[in-house]
$ cat run.pdb   # PDB, C-alpha atoms and all ligand atoms
ATOM      1  CA  MET R   1     319.116  15.266 144.469
ATOM      2  CA  MET R   2     319.686  11.776 143.082
ATOM      3  CA  ASP R   3     322.727   9.759 144.126
ATOM      4  CA  GLU R   4     322.799   8.454 140.587
ATOM      5  CA  GLU R   5     320.780   9.505 137.561
ATOM      6  CA  HIS R   6     319.378   6.978 135.124
ATOM      7  CA  GLY R   7     318.434   7.466 131.515
ATOM      8  CA  THR R   8     315.252   9.102 130.358
ATOM      9  CA  LEU R   9     312.172   7.300 129.134
ATOM     10  CA  ALA R  10     310.556   7.733 125.755
ATOM     11  CA  GLN R  11     307.541   9.986 126.068
ATOM     12  CA  SER R  12     304.283   8.072 126.167
ATOM     13  CA  PRO R  13     301.429   9.246 123.912
ATOM     14  CA  THR R  14     298.986   8.582 126.743
ATOM     15  CA  ASP R  15     300.917  10.205 129.598
ATOM     16  CA  ASP R  16     301.871  13.882 129.667
ATOM     17  CA  ASN R  17     304.069  13.540 132.747
ATOM     18  CA  ILE R  18     307.819  13.905 132.433
ATOM     19  CA  TYR R  19     309.825  11.753 134.800
ATOM     20  CA  THR R  20     313.278  11.900 136.292
ATOM     21  CA  LEU R  21     314.661   8.468 137.102
ATOM     22  CA  GLY R  22     317.485   7.671 139.431
ATOM     23  CA  ARG R  23     318.709   6.125 142.634
ATOM     24  CA  MET R  24     318.630   7.434 146.192
ATOM     25  CA  GLY R  25     320.469   5.185 148.577
ATOM     26  CA  GLU R  26     319.184   1.672 148.001
ATOM     27  CA  HIS R  27     316.057   2.771 146.190
ATOM     28  CA  ASN R  28     315.181   3.401 142.615
ATOM     29  CA  VAL R  29     313.160   6.561 142.440
ATOM     30  CA  VAL R  30     310.876   8.225 139.956
ATOM     31  CA  ILE R  31     310.269  11.939 140.231
ATOM     32  CA  ALA R  32     307.305  13.598 138.546
ATOM     33  CA  HIS R  33     306.558  17.291 138.588
ATOM     34  CA  LEU R  34     303.348  19.240 138.331
ATOM     35  CA  PRO R  35     302.841  21.064 135.036
ATOM     36  CA  SER R  36     304.218  24.581 135.056
ATOM     37  CA  GLY R  37     301.702  27.116 136.330
ATOM     38  CA  ARG R  38     299.189  24.445 137.392
ATOM     39  CA  MET R  39     298.432  23.717 141.006
ATOM     40  CA  GLY R  40     295.820  22.265 143.283
ATOM     41  CA  THR R  41     294.637  18.872 144.408
ATOM     42  CA  THR R  42     293.003  18.003 141.068
ATOM     43  CA  THR R  43     296.208  18.596 139.117
ATOM     44  CA  ALA R  44     298.182  16.581 141.654
ATOM     45  CA  ALA R  45     295.684  13.740 141.369
ATOM     46  CA  ALA R  46     296.003  13.728 137.558
ATOM     47  CA  VAL R  47     299.797  13.559 137.710
ATOM     48  CA  ALA R  48     299.623  10.751 140.263
ATOM     49  CA  ALA R  49     297.129   8.822 138.140
ATOM     50  CA  GLY R  50     299.438   9.042 135.122
ATOM     51  CA  MET R  51     302.381   7.881 137.177
ATOM     52  CA  LYS R  52     300.443   5.026 138.697
ATOM     53  CA  ALA R  53     299.303   3.809 135.282
ATOM     54  CA  ARG R  54     302.804   3.900 133.838
ATOM     55  CA  PHE R  55     304.761   2.485 136.778
ATOM     56  CA  ARG R  56     302.628  -0.350 138.029
ATOM     57  CA  ALA R  57     305.174  -1.534 140.551
ATOM     58  CA  LEU R  58     305.225   1.639 142.576
ATOM     59  CA  GLN R  59     305.532   0.794 146.230
ATOM     60  CA  PHE R  60     304.766   4.127 147.787
ATOM     61  CA  VAL R  61     304.823   7.828 147.174
ATOM     62  CA  LEU R  62     306.425  10.741 148.934
ATOM     63  CA  LEU R  63     304.911  14.107 148.153
ATOM     64  CA  VAL R  64     307.734  16.588 148.536
ATOM     65  CA  GLY R  65     307.679  20.347 148.224
ATOM     66  CA  ILE R  66     307.063  23.565 150.079
ATOM     67  CA  GLY R  67     304.241  24.752 152.292
ATOM     68  CA  GLY R  68     303.013  27.573 154.460
ATOM     69  CA  GLY R  69     303.673  27.070 158.170
ATOM     70  CA  ALA R  70     301.082  27.531 160.917
ATOM     71  CA  PRO R  71     303.071  28.360 164.050
ATOM     72  CA  SER R  72     301.315  28.079 167.393
ATOM     73  CA  ASP R  73     302.028  27.870 171.092
ATOM     74  CA  GLU R  74     302.347  24.112 170.618
ATOM     75  CA  ALA R  75     304.482  24.150 167.457
ATOM     76  CA  ASP R  76     307.377  26.606 167.207
ATOM     77  CA  ILE R  77     307.611  26.483 163.439
ATOM     78  CA  ARG R  78     310.240  28.648 161.752
ATOM     79  CA  LEU R  79     311.005  29.285 158.098
ATOM     80  CA  GLY R  80     313.273  26.554 156.794
ATOM     81  CA  ASP R  81     311.803  23.919 159.128
ATOM     82  CA  VAL R  82     310.151  20.854 157.650
ATOM     83  CA  VAL R  83     306.715  19.354 158.300
ATOM     84  CA  VAL R  84     305.879  15.686 157.728
ATOM     85  CA  SER R  85     302.326  14.334 157.745
ATOM     86  CA  GLN R  86     301.699  11.915 160.575
ATOM     87  CA  PRO R  87     298.369  10.494 161.767
ATOM     88  CA  THR R  88     297.048  11.608 165.139
ATOM     89  CA  ALA R  89     294.314  10.139 167.315
ATOM     90  CA  THR R  90     291.693  12.081 165.355
ATOM     91  CA  HIS R  91     293.144  12.687 161.868
ATOM     92  CA  GLY R  92     294.995  10.654 159.249
ATOM     93  CA  GLY R  93     297.862  13.084 158.675
ATOM     94  CA  VAL R  94     296.281  15.160 155.898
ATOM     95  CA  ILE R  95     292.936  16.995 156.055
ATOM     96  CA  GLN R  96     291.201  18.528 153.062
ATOM     97  CA  TYR R  97     290.067  21.616 154.892
ATOM     98  CA  ASP R  98     287.979  23.136 152.081
ATOM     99  CA  HIS R  99     285.886  20.050 151.271
ATOM    100  CA  GLY R 100     282.511  19.741 152.946
ATOM    101  CA  LYS R 101     279.027  21.141 153.095
ATOM    102  CA  ARG R 102     277.552  24.453 154.054
ATOM    103  CA  THR R 103     274.814  24.012 156.709
ATOM    104  CA  PRO R 104     272.760  26.369 158.914
ATOM    105  CA  ARG R 105     275.221  25.532 161.665
ATOM    106  CA  GLY R 106     278.193  26.463 159.525
ATOM    107  CA  PHE R 107     280.679  24.676 157.317
ATOM    108  CA  GLN R 108     281.055  20.972 158.017
ATOM    109  CA  ARG R 109     284.077  19.146 156.625
ATOM    110  CA  THR R 110     283.299  15.769 155.143
ATOM    111  CA  ALA R 111     286.508  14.669 153.480
ATOM    112  CA  SER R 112     288.103  11.619 155.021
ATOM    113  CA  LEU R 113     291.562  10.744 153.751
ATOM    114  CA  ASN R 114     293.560   7.549 154.067
ATOM    115  CA  GLN R 115     296.506   7.133 156.357
ATOM    116  CA  PRO R 116     300.026   6.633 154.989
ATOM    117  CA  PRO R 117     301.163   3.018 154.460
ATOM    118  CA  ARG R 118     302.487   1.203 157.511
ATOM    119  CA  LEU R 119     305.969   0.881 155.983
ATOM    120  CA  LEU R 120     306.297   4.658 155.738
ATOM    121  CA  LEU R 121     305.031   5.197 159.275
ATOM    122  CA  THR R 122     307.555   2.675 160.568
ATOM    123  CA  ALA R 123     310.324   4.495 158.698
ATOM    124  CA  LEU R 124     309.069   7.762 160.134
ATOM    125  CA  ALA R 125     309.306   6.407 163.674
ATOM    126  CA  LYS R 126     312.904   5.398 162.998
ATOM    127  CA  VAL R 127     313.781   8.831 161.614
ATOM    128  CA  GLN R 128     312.153  10.554 164.586
ATOM    129  CA  ALA R 129     314.051   8.400 167.052
ATOM    130  CA  ASN R 130     317.305   9.267 165.307
ATOM    131  CA  GLN R 131     316.504  12.975 165.221
ATOM    132  CA  PHE R 132     315.470  13.093 168.878
ATOM    133  CA  SER R 133     318.659  11.350 169.920
ATOM    134  CA  GLY R 134     320.872  13.661 167.886
ATOM    135  CA  ARG R 135     321.664  11.066 165.232
ATOM    136  CA  GLY R 136     319.492  12.572 162.531
ATOM    137  CA  LEU R 137     320.852  12.879 159.003
ATOM    138  CA  LEU R 138     318.888  15.929 157.883
ATOM    139  CA  SER R 139     321.624  18.555 158.089
ATOM    140  CA  HIS R 140     324.192  16.174 156.642
ATOM    141  CA  LEU R 141     321.959  15.245 153.704
ATOM    142  CA  LEU R 142     321.082  18.890 153.112
ATOM    143  CA  PHE R 143     324.731  19.852 152.904
ATOM    144  CA  SER R 144     325.860  16.826 150.917
ATOM    145  CA  THR R 145     323.072  17.327 148.372
ATOM    146  CA  PHE R 146     322.892  21.099 148.019
ATOM    147  CA  GLY R 147     325.895  22.468 149.888
ATOM    148  CA  ALA R 148     327.776  23.609 146.815
ATOM    149  CA  ASN R 149     324.860  25.591 145.453
ATOM    150  CA  PRO R 150     324.402  29.009 147.100
ATOM    151  CA  TYR R 151     320.935  29.355 145.571
ATOM    152  CA  PHE R 152     319.662  26.754 148.034
ATOM    153  CA  SER R 153     321.441  28.201 151.039
ATOM    154  CA  ARG R 154     319.800  29.747 154.075
ATOM    155  CA  GLY R 155     321.856  32.878 153.504
ATOM    156  CA  HIS R 156     320.040  33.388 150.205
ATOM    157  CA  ALA R 157     316.667  33.414 151.958
ATOM    158  CA  GLY R 158     316.501  36.624 153.998
ATOM    159  CA  PRO R 159     314.978  37.376 157.413
ATOM    160  CA  ASP R 160     312.480  35.127 159.183
ATOM    161  CA  GLN R 161     309.646  37.419 160.280
ATOM    162  CA  LEU R 162     306.312  36.241 161.659
ATOM    163  CA  PHE R 163     303.788  39.071 161.805
ATOM    164  CA  LEU R 164     300.741  39.218 164.065
ATOM    165  CA  PRO R 165     297.892  37.359 162.338
ATOM    166  CA  GLY R 166     295.696  40.414 161.803
ATOM    167  CA  TYR R 167     298.438  42.662 160.395
ATOM    168  CA  CYS R 168     298.337  42.726 156.575
ATOM    169  CA  HIS R 169     301.251  43.108 154.215
ATOM    170  CA  VAL R 170     301.741  46.700 153.046
ATOM    171  CA  ARG R 171     303.235  46.389 149.577
ATOM    172  CA  GLY R 172     306.104  45.003 147.535
ATOM    173  CA  ALA R 173     307.800  41.662 147.121
ATOM    174  CA  THR R 174     309.324  41.774 150.593
ATOM    175  CA  CYS R 175     308.299  43.163 153.977
ATOM    176  CA  THR R 176     310.608  46.183 154.001
ATOM    177  CA  ALA R 177     307.561  48.502 154.129
ATOM    178  CA  CYS R 178     305.786  46.502 156.841
ATOM    179  CA  ASP R 179     305.712  47.733 160.441
ATOM    180  CA  PRO R 180     308.417  45.962 162.485
ATOM    181  CA  SER R 181     306.413  46.579 165.671
ATOM    182  CA  GLN R 182     303.898  44.028 164.337
ATOM    183  CA  ILE R 183     306.451  41.237 164.271
ATOM    184  CA  VAL R 184     305.810  38.489 166.816
ATOM    185  CA  LYS R 185     308.652  38.383 169.320
ATOM    186  CA  ARG R 186     310.052  34.885 169.462
ATOM    187  CA  ALA R 187     313.036  33.563 171.347
ATOM    188  CA  PRO R 188     316.062  32.936 169.141
ATOM    189  CA  ARG R 189     316.399  29.346 168.142
ATOM    190  CA  TYR R 190     319.225  27.453 169.687
ATOM    191  CA  PRO R 191     321.455  26.353 168.099
ATOM    192  CA  GLU R 192     321.039  29.214 165.671
ATOM    193  CA  ALA R 193     319.939  28.188 162.164
ATOM    194  CA  SER R 194     319.137  24.646 163.260
ATOM    195  CA  ILE R 195     316.367  22.890 161.358
ATOM    196  CA  VAL R 196     313.482  21.313 163.229
ATOM    197  CA  ALA R 197     311.284  18.579 161.771
ATOM    198  CA  HIS R 198     307.645  18.724 162.888
ATOM    199  CA  TYR R 199     305.276  15.750 162.624
ATOM    200  CA  GLY R 200     301.499  16.002 162.574
ATOM    201  CA  THR R 201     298.532  17.216 160.574
ATOM    202  CA  ILE R 202     298.824  19.000 157.237
ATOM    203  CA  ALA R 203     295.885  20.991 155.842
ATOM    204  CA  SER R 204     295.391  20.586 152.109
ATOM    205  CA  GLY R 205     293.061  22.525 149.836
ATOM    206  CA  ASN R 206     292.598  24.136 146.456
ATOM    207  CA  GLN R 207     292.830  27.691 147.695
ATOM    208  CA  VAL R 208     296.032  29.545 148.379
ATOM    209  CA  MET R 209     296.201  30.251 152.099
ATOM    210  CA  ARG R 210     297.592  33.741 152.609
ATOM    211  CA  ASP R 211     295.549  34.990 155.544
ATOM    212  CA  GLY R 212     296.978  34.806 159.056
ATOM    213  CA  VAL R 213     293.570  35.006 160.764
ATOM    214  CA  ALA R 214     292.019  32.268 158.599
ATOM    215  CA  ARG R 215     295.172  30.188 159.042
ATOM    216  CA  ASP R 216     294.872  30.260 162.819
ATOM    217  CA  LEU R 217     291.083  29.767 162.771
ATOM    218  CA  ILE R 218     291.233  26.670 160.563
ATOM    219  CA  SER R 219     294.153  25.319 162.529
ATOM    220  CA  SER R 220     292.247  25.632 165.798
ATOM    221  CA  GLU R 221     289.144  24.004 164.255
ATOM    222  CA  LEU R 222     291.248  21.015 163.217
ATOM    223  CA  ASP R 223     293.006  20.487 166.553
ATOM    224  CA  GLY R 224     296.153  22.189 165.278
ATOM    225  CA  VAL R 225     297.622  21.883 161.788
ATOM    226  CA  LEU R 226     301.295  22.410 161.105
ATOM    227  CA  CYS R 227     301.156  23.678 157.549
ATOM    228  CA  PHE R 228     298.979  24.414 154.527
ATOM    229  CA  GLU R 229     299.552  23.072 151.030
ATOM    230  CA  MET R 230     297.631  22.462 147.815
ATOM    231  CA  GLU R 231     298.223  18.942 146.553
ATOM    232  CA  ALA R 232     298.124  16.164 149.118
ATOM    233  CA  ALA R 233     294.338  15.806 149.284
ATOM    234  CA  GLY R 234     294.382  14.830 145.610
ATOM    235  CA  LEU R 235     296.578  11.839 146.318
ATOM    236  CA  MET R 236     295.848  10.388 149.707
ATOM    237  CA  ASN R 237     292.906   8.168 148.788
ATOM    238  CA  GLU R 238     294.277   7.173 145.385
ATOM    239  CA  PHE R 239     297.827   6.582 146.466
ATOM    240  CA  PRO R 240     298.463   6.908 150.189
ATOM    241  CA  CYS R 241     301.667   8.783 150.761
ATOM    242  CA  LEU R 242     303.739  10.778 153.171
ATOM    243  CA  VAL R 243     303.681  14.523 152.664
ATOM    244  CA  ILE R 244     306.905  16.425 153.303
ATOM    245  CA  ARG R 245     306.819  20.217 153.207
ATOM    246  CA  GLY R 246     309.648  22.660 153.716
ATOM    247  CA  ILE R 247     308.257  25.799 155.330
ATOM    248  CA  CYS R 248     308.784  28.786 153.042
ATOM    249  CA  ASP R 249     306.256  31.256 154.495
ATOM    250  CA  TYR R 250     303.602  31.560 157.179
ATOM    251  CA  ALA R 251     300.541  31.231 154.922
ATOM    252  CA  ASP R 252     299.694  34.903 155.469
ATOM    253  CA  SER R 253     299.636  38.047 153.337
ATOM    254  CA  HIS R 254     303.386  38.549 153.857
ATOM    255  CA  LYS R 255     304.291  35.381 151.977
ATOM    256  CA  ASN R 256     306.978  35.825 149.371
ATOM    257  CA  LYS R 257     309.394  33.674 147.415
ATOM    258  CA  ALA R 258     312.613  34.341 149.310
ATOM    259  CA  TRP R 259     312.635  31.128 151.374
ATOM    260  CA  GLN R 260     311.340  28.785 148.701
ATOM    261  CA  PRO R 261     314.684  27.398 147.417
ATOM    262  CA  PHE R 262     316.041  26.647 150.891
ATOM    263  CA  ALA R 263     312.714  25.212 152.073
ATOM    264  CA  ALA R 264     312.510  22.958 149.016
ATOM    265  CA  ALA R 265     316.053  21.745 149.649
ATOM    266  CA  VAL R 266     315.223  20.937 153.287
ATOM    267  CA  ALA R 267     312.137  18.971 152.201
ATOM    268  CA  ALA R 268     314.225  17.023 149.708
ATOM    269  CA  ALA R 269     316.811  16.228 152.380
ATOM    270  CA  GLN R 270     314.058  15.053 154.736
ATOM    271  CA  ALA R 271     312.731  12.779 151.982
ATOM    272  CA  LYS R 272     316.192  11.287 151.553
ATOM    273  CA  GLU R 273     316.449  10.676 155.286
ATOM    274  CA  ILE R 274     313.128   8.827 155.285
ATOM    275  CA  LEU R 275     314.206   6.728 152.294
ATOM    276  CA  ALA R 276     317.456   5.940 154.064
ATOM    277  CA  ALA R 277     315.420   4.467 156.941
ATOM    278  CA  ILE R 278     313.818   1.898 154.625
ATOM    279  CA  PRO R 279     316.026  -1.041 153.650
ATOM    280  CA  GLY R 280     315.888  -1.577 149.904
ATOM    281  CA  HIS R 281     314.711  -5.152 150.128
ATOM    282  CA  GLU R 282     311.647  -4.119 152.097
ATOM    283  CA  ALA R 283     310.434  -1.933 149.283
ATOM    284  CA  ALA R 284     311.554  -3.948 146.273
ATOM    285  CA  ALA R 285     308.763  -5.667 144.422
ATOM    286  CA  PRO R 286     309.049  -9.438 144.014
ATOM    287  CA  LEU R 287     309.811 -10.787 140.565
ATOM    288  CA  ALA R 288     308.249 -13.844 139.045
ATOM    289  CA  GLY R 289     309.721 -16.945 140.675
ATOM    290  CA  GLY R 290     310.154 -15.260 144.031
ATOM    291  CA  GLN R 291     313.266 -13.237 143.192
ATOM    292  CA  ARG R 292     313.600  -9.656 144.212
ATOM    293  CA  ALA R 293     313.785  -6.862 141.729
ATOM    294  CA  ASP R 294     317.268  -5.528 141.191
ATOM    295  CA  ARG R 295     317.198  -2.387 143.245
ATOM    296  CA  LEU R 296     320.023  -0.797 141.343
ATOM    297  CA  GLY R 297     319.083  -2.148 137.973
ATOM    298  CA  LEU R 298     317.647   0.929 136.362
ATOM    299  CA  ALA R 299     320.761   1.745 134.383
ATOM    300  CA  GLY R 300     319.855  -1.116 132.121
ATOM    301  CA  LEU R 301     316.244  -0.091 131.899
ATOM    302  CA  GLY R 302     314.567  -1.553 128.876
ATOM    303  CA  PRO R 303     311.313  -0.706 127.204
ATOM    304  CA  MET R 304     308.544   0.423 129.507
ATOM    305  CA  GLY R 305     306.573  -2.801 129.215
ATOM    306  CA  LYS R 306     309.475  -4.831 130.506
ATOM    307  CA  GLU R 307     310.100  -2.528 133.404
ATOM    308  CA  GLN R 308     306.452  -2.601 134.429
ATOM    309  CA  GLU R 309     306.366  -6.358 134.316
ATOM    310  CA  HIS R 310     309.375  -6.774 136.537
ATOM    311  CA  GLY R 311     308.647  -4.072 139.018
ATOM    312  CA  GLY R 312     312.139  -2.657 138.928
ATOM    313  CA  PHE R 313     311.179   0.489 140.761
ATOM    314  CA  SER R 314     310.624   0.670 144.418
ATOM    315  CA  PRO R 315     309.711   3.915 146.041
ATOM    316  CA  VAL R 316     308.758   7.042 144.295
ATOM    317  CA  ILE R 317     309.182  10.655 144.970
ATOM    318  CA  PHE R 318     306.264  12.484 143.518
ATOM    319  CA  SER R 319     307.513  15.962 143.723
ATOM    320  CA  GLY R 320     304.797  18.484 143.719
ATOM    321  CA  THR R 321     304.709  22.154 144.147
ATOM    322  CA  ASN R 322     303.416  23.807 147.208
ATOM    323  CA  HIS R 323     300.635  25.745 147.687
ATOM    324  CA  GLY R 324     302.495  26.355 144.340
ATOM    325  CA  GLY R 325     305.346  25.444 142.217
ATOM    326  CA  PHE R 326     308.941  25.010 143.182
ATOM    327  CA  GLN R 327     310.659  21.795 143.800
ATOM    328  CA  MET R 328     314.078  20.278 143.935
ATOM    329  CA  GLY R 329     316.042  22.782 142.028
ATOM    330  CA  VAL R 330     313.734  23.456 139.147
ATOM    331  CA  ASN R 331     311.406  26.385 139.011
ATOM    332  CA  TYR R 332     308.007  25.381 137.767
ATOM    333  CA  GLY R 333     306.417  28.747 137.406
ATOM    334  CA  THR R 334     304.775  31.010 139.845
ATOM    335  CA  ILE R 335     303.923  30.077 143.359
ATOM    336  CA  ASN R 336     300.473  30.925 144.549
ATOM    337  CA  GLY R 337     300.150  33.536 141.889
ATOM    338  CA  ILE R 338     302.521  35.978 143.566
TER     339      ILE R 338
HETATM  340 ZN    ZN B 401     304.820  42.119 154.844
END

$ encode --input "run.pdb" --output "structure tokens" --more "lines below"
Ligand SMILES: [Zn+2]
Amino acid sequence: MMDEEHGTLAQSPTDDNIYTLGRMGEHNVVIAHLPSGRMGTTTAAAVAAGMKARFRALQFVLLVGIGGGAPSDEADIRLGDVVVSQPTATHGGVIQYDHGKRTPRGFQRTASLNQPPRLLLTALAKVQANQFSGRGLLSHLLFSTFGANPYFSRGHAGPDQLFLPGYCHVRGATCTACDPSQIVKRAPRYPEASIVAHYGTIASGNQVMRDGVARDLISSELDGVLCFEMEAAGLMNEFPCLVIRGICDYADSHKNKAWQPFAAAVAAAQAKEILAAIPGHEAAAPLAGGQRADRLGLAGLGPMGKEQEHGGFSPVIFSGTNHGGFQMGVNYGTINGI
């Protein structure tokens, strides 16, 4: 994942997070993971708070992991695609769909989340322009980062089957016992096995979404969401970020683990493409006296206090788990309790 790995930090007595430090392109990056077996917006918020306290020069955060896709007539989302949060005219990019109040007229959502920082939205526009014009780096970065590892390959993932929303999974870890007549007929993607990046609203909550009917209902109530996940709402107001989710299932009862490694790899590659769109000097924190922090200076990282003072880090990847727990080549326990 990293272009270059830096040394490890001494564990802090006041911070339970474990960090991976390194360089991606022109940026120094810190990666933090959710604790094994823990998930949800509250856990994500706690990890982010620890990171924020320890690395005071953080410039921005990317929340990278896997999510459950919500395909619709408007968004032809396939397994292995990637979804990136982007504000719309009515929403800020991430909606906490399970936060609100119960009233005689039904459930009313009250959560209002911040938008991503302007720098990230500008980078996103650049990435989109490149992708639309055929100059995107996603496939290249995916291959250059994970190509030698078959575990992260599409061939390892299995079939891509979207079942009708009301048809429930029969049994087992895969859909071999499910009725193939209930599979939604979709046109083959052309070119075959191409990866599409989707930009729009992500629904975040503390519940695992594995219900096709509820998925479509909530999506329609929120003017169309692209995917469901379980962490972003814990971060957006504390540390506005971009959320990047590789699609590993369709947030219905048929969800299984088969696509998680490939989807996580795609999300990581998308994160690298977004970082590549941000020149290092734009993200580097200024040092005392007006100098810029050494963007590649982490190899000589000193004690934590010194690093904090000088702001040697620029962007951060805060790698969460989905709706659950897999990210960037390391398995962090079960996903969604399956
Ligand atoms: Zn099934």

$ resolve_selection --input "run.pdb" --expression "the PyMOL selection byres (((not hetatm)) within 9 of (chain B and resi 401))" --output "PyMOL selection string"
chain R and resi 161+163+167-179+252-256

$ write_last_selection --input "run.pdb" --atoms "C-alpha atoms" --output "mmCIF file, keeping the file's coordinate frame"
data_model
loop_
_atom_site.group_PDB
_atom_site.id
_atom_site.type_symbol
_atom_site.label_atom_id
_atom_site.label_comp_id
_atom_site.auth_asym_id
_atom_site.auth_seq_id
_atom_site.Cartn_x
_atom_site.Cartn_y
_atom_site.Cartn_z
ATOM 1 C CA GLN R 161 309.646 37.419 160.280
ATOM 2 C CA PHE R 163 303.788 39.071 161.805
ATOM 3 C CA TYR R 167 298.438 42.662 160.395
ATOM 4 C CA CYS R 168 298.337 42.726 156.575
ATOM 5 C CA HIS R 169 301.251 43.108 154.215
ATOM 6 C CA VAL R 170 301.741 46.700 153.046
ATOM 7 C CA ARG R 171 303.235 46.389 149.577
ATOM 8 C CA GLY R 172 306.104 45.003 147.535
ATOM 9 C CA ALA R 173 307.800 41.662 147.121
ATOM 10 C CA THR R 174 309.324 41.774 150.593
ATOM 11 C CA CYS R 175 308.299 43.163 153.977
ATOM 12 C CA THR R 176 310.608 46.183 154.001
ATOM 13 C CA ALA R 177 307.561 48.502 154.129
ATOM 14 C CA CYS R 178 305.786 46.502 156.841
ATOM 15 C CA ASP R 179 305.712 47.733 160.441
ATOM 16 C CA ASP R 252 299.694 34.903 155.469
ATOM 17 C CA SER R 253 299.636 38.047 153.337
ATOM 18 C CA HIS R 254 303.386 38.549 153.857
ATOM 19 C CA LYS R 255 304.291 35.381 151.977
ATOM 20 C CA ASN R 256 306.978 35.825 149.371
#

$ residues_around --input "run.pdb" --residues "R:Ser219" --least-positions-apart "2" --cutoff "10 Å" --atoms "all atoms listed in the file" --output "ChimeraX atom specification"
/R:70-72,97,201-203,213-217,221-228

$ write_last_selection --input "run.pdb" --atoms "C-alpha atoms" --output "mmCIF file, keeping the file's coordinate frame"
data_model
loop_
_atom_site.group_PDB
_atom_site.id
_atom_site.type_symbol
_atom_site.label_atom_id
_atom_site.label_comp_id
_atom_site.auth_asym_id
_atom_site.auth_seq_id
_atom_site.Cartn_x
_atom_site.Cartn_y
_atom_site.Cartn_z
ATOM 1 C CA ALA R 70 301.082 27.531 160.917
ATOM 2 C CA PRO R 71 303.071 28.360 164.050
ATOM 3 C CA SER R 72 301.315 28.079 167.393
ATOM 4 C CA TYR R 97 290.067 21.616 154.892
ATOM 5 C CA THR R 201 298.532 17.216 160.574
ATOM 6 C CA ILE R 202 298.824 19.000 157.237
ATOM 7 C CA ALA R 203 295.885 20.991 155.842
ATOM 8 C CA VAL R 213 293.570 35.006 160.764
ATOM 9 C CA ALA R 214 292.019 32.268 158.599
ATOM 10 C CA ARG R 215 295.172 30.188 159.042
ATOM 11 C CA ASP R 216 294.872 30.260 162.819
ATOM 12 C CA LEU R 217 291.083 29.767 162.771
ATOM 13 C CA GLU R 221 289.144 24.004 164.255
ATOM 14 C CA LEU R 222 291.248 21.015 163.217
ATOM 15 C CA ASP R 223 293.006 20.487 166.553
ATOM 16 C CA GLY R 224 296.153 22.189 165.278
ATOM 17 C CA VAL R 225 297.622 21.883 161.788
ATOM 18 C CA LEU R 226 301.295 22.410 161.105
ATOM 19 C CA CYS R 227 301.156 23.678 157.549
ATOM 20 C CA PHE R 228 298.979 24.414 154.527
#

$ closest_residue --input "run.pdb" --among "R:Ala123, R:Gln96, R:Gln108, R:Glu5" --to "R:Pro279" --atoms "only C-alpha atoms"
R:Ala123

$ residues_around --input "run.pdb" --residues "stretch 14-27 of chain R" --least-positions-apart "2" --cutoff "6 Å" --atoms "only C-alpha atoms" --output "CSV table (one decimal) with C-alpha atoms, in the coordinates of the input"
chain,number,residue,atom,x,y,z
R,2,MET,CA,319.7,11.8,143.1
R,3,ASP,CA,322.7,9.8,144.1
R,4,GLU,CA,322.8,8.5,140.6
R,5,GLU,CA,320.8,9.5,137.6
R,6,HIS,CA,319.4,7.0,135.1
R,12,SER,CA,304.3,8.1,126.2
R,29,VAL,CA,313.2,6.6,142.4
R,30,VAL,CA,310.9,8.2,140.0
R,31,ILE,CA,310.3,11.9,140.2
R,32,ALA,CA,307.3,13.6,138.5
R,50,GLY,CA,299.4,9.0,135.1
R,280,GLY,CA,315.9,-1.6,149.9

$ closest_residue --input "run.pdb" --among "R:Ile244, R:Ile77, R:Ala258, R:Leu235" --to "R:Ala187" --atoms "only C-alpha atoms"
R:Ile77

$ axis_aligned_box --input "run.pdb" --around "stretch 197-212 of chain R" --padding-each-side "6 Å" --output "lines of an AutoDock Vina configuration file"
center_x = 301.9
center_y = 25.4
center_z = 154.7
size_x = 30.7
size_y = 31.2
size_z = 28.4

$ resolve_selection --input "run.pdb" --expression "the PyMOL selection byres (((chain R and resi 231) around 12) and not hetatm)" --output "number ranges by chain"
R: 33-34, 38-48, 62-67, 94-97, 202-208, 228-230, 232-236, 241-245, 318-325

$ closest_residue --input "run.pdb" --among "R:Thr103, R:Ser194, R:Ser181, R:Asn130" --to "R:Leu164" --atoms "all atoms listed in the file"
R:Ser181

$ atom_distance --input "run.pdb" --atom1 "atom CA of R:Asp73" --atom2 "atom CA of R:Pro165"
13.6 Å

$ resolve_selection --input "run.pdb" --expression "the PyMOL selection byres (((chain R and resi 270) around 8) and not hetatm)" --output "list of chain:residue names"
R:Val82, R:Leu138, R:Leu141, R:Ile244, R:Val266, R:Ala267, R:Ala268, R:Ala269, R:Ala271, R:Lys272, R:Glu273, R:Ile274

$ closest_residue --input "run.pdb" --among "R:Gly93, R:Pro13, R:Pro117, R:Gly69" --to "R:Arg54" --atoms "all atoms listed in the file"
R:Pro13

$ atom_distance --input "run.pdb" --atom1 "atom CA of R:Leu142" --atom2 "atom CA of R:Ala276"
13.5 Å

$ closest_residue --input "run.pdb" --among "R:Thr8, R:Gln131, R:Lys257, R:Pro240" --to "R:Lys52" --atoms "all atoms listed in the file"
R:Pro240

$ atom_distance --input "run.pdb" --atom1 "atom CA of R:Gly7" --atom2 "atom CA of R:Asn28"
12.3 Å
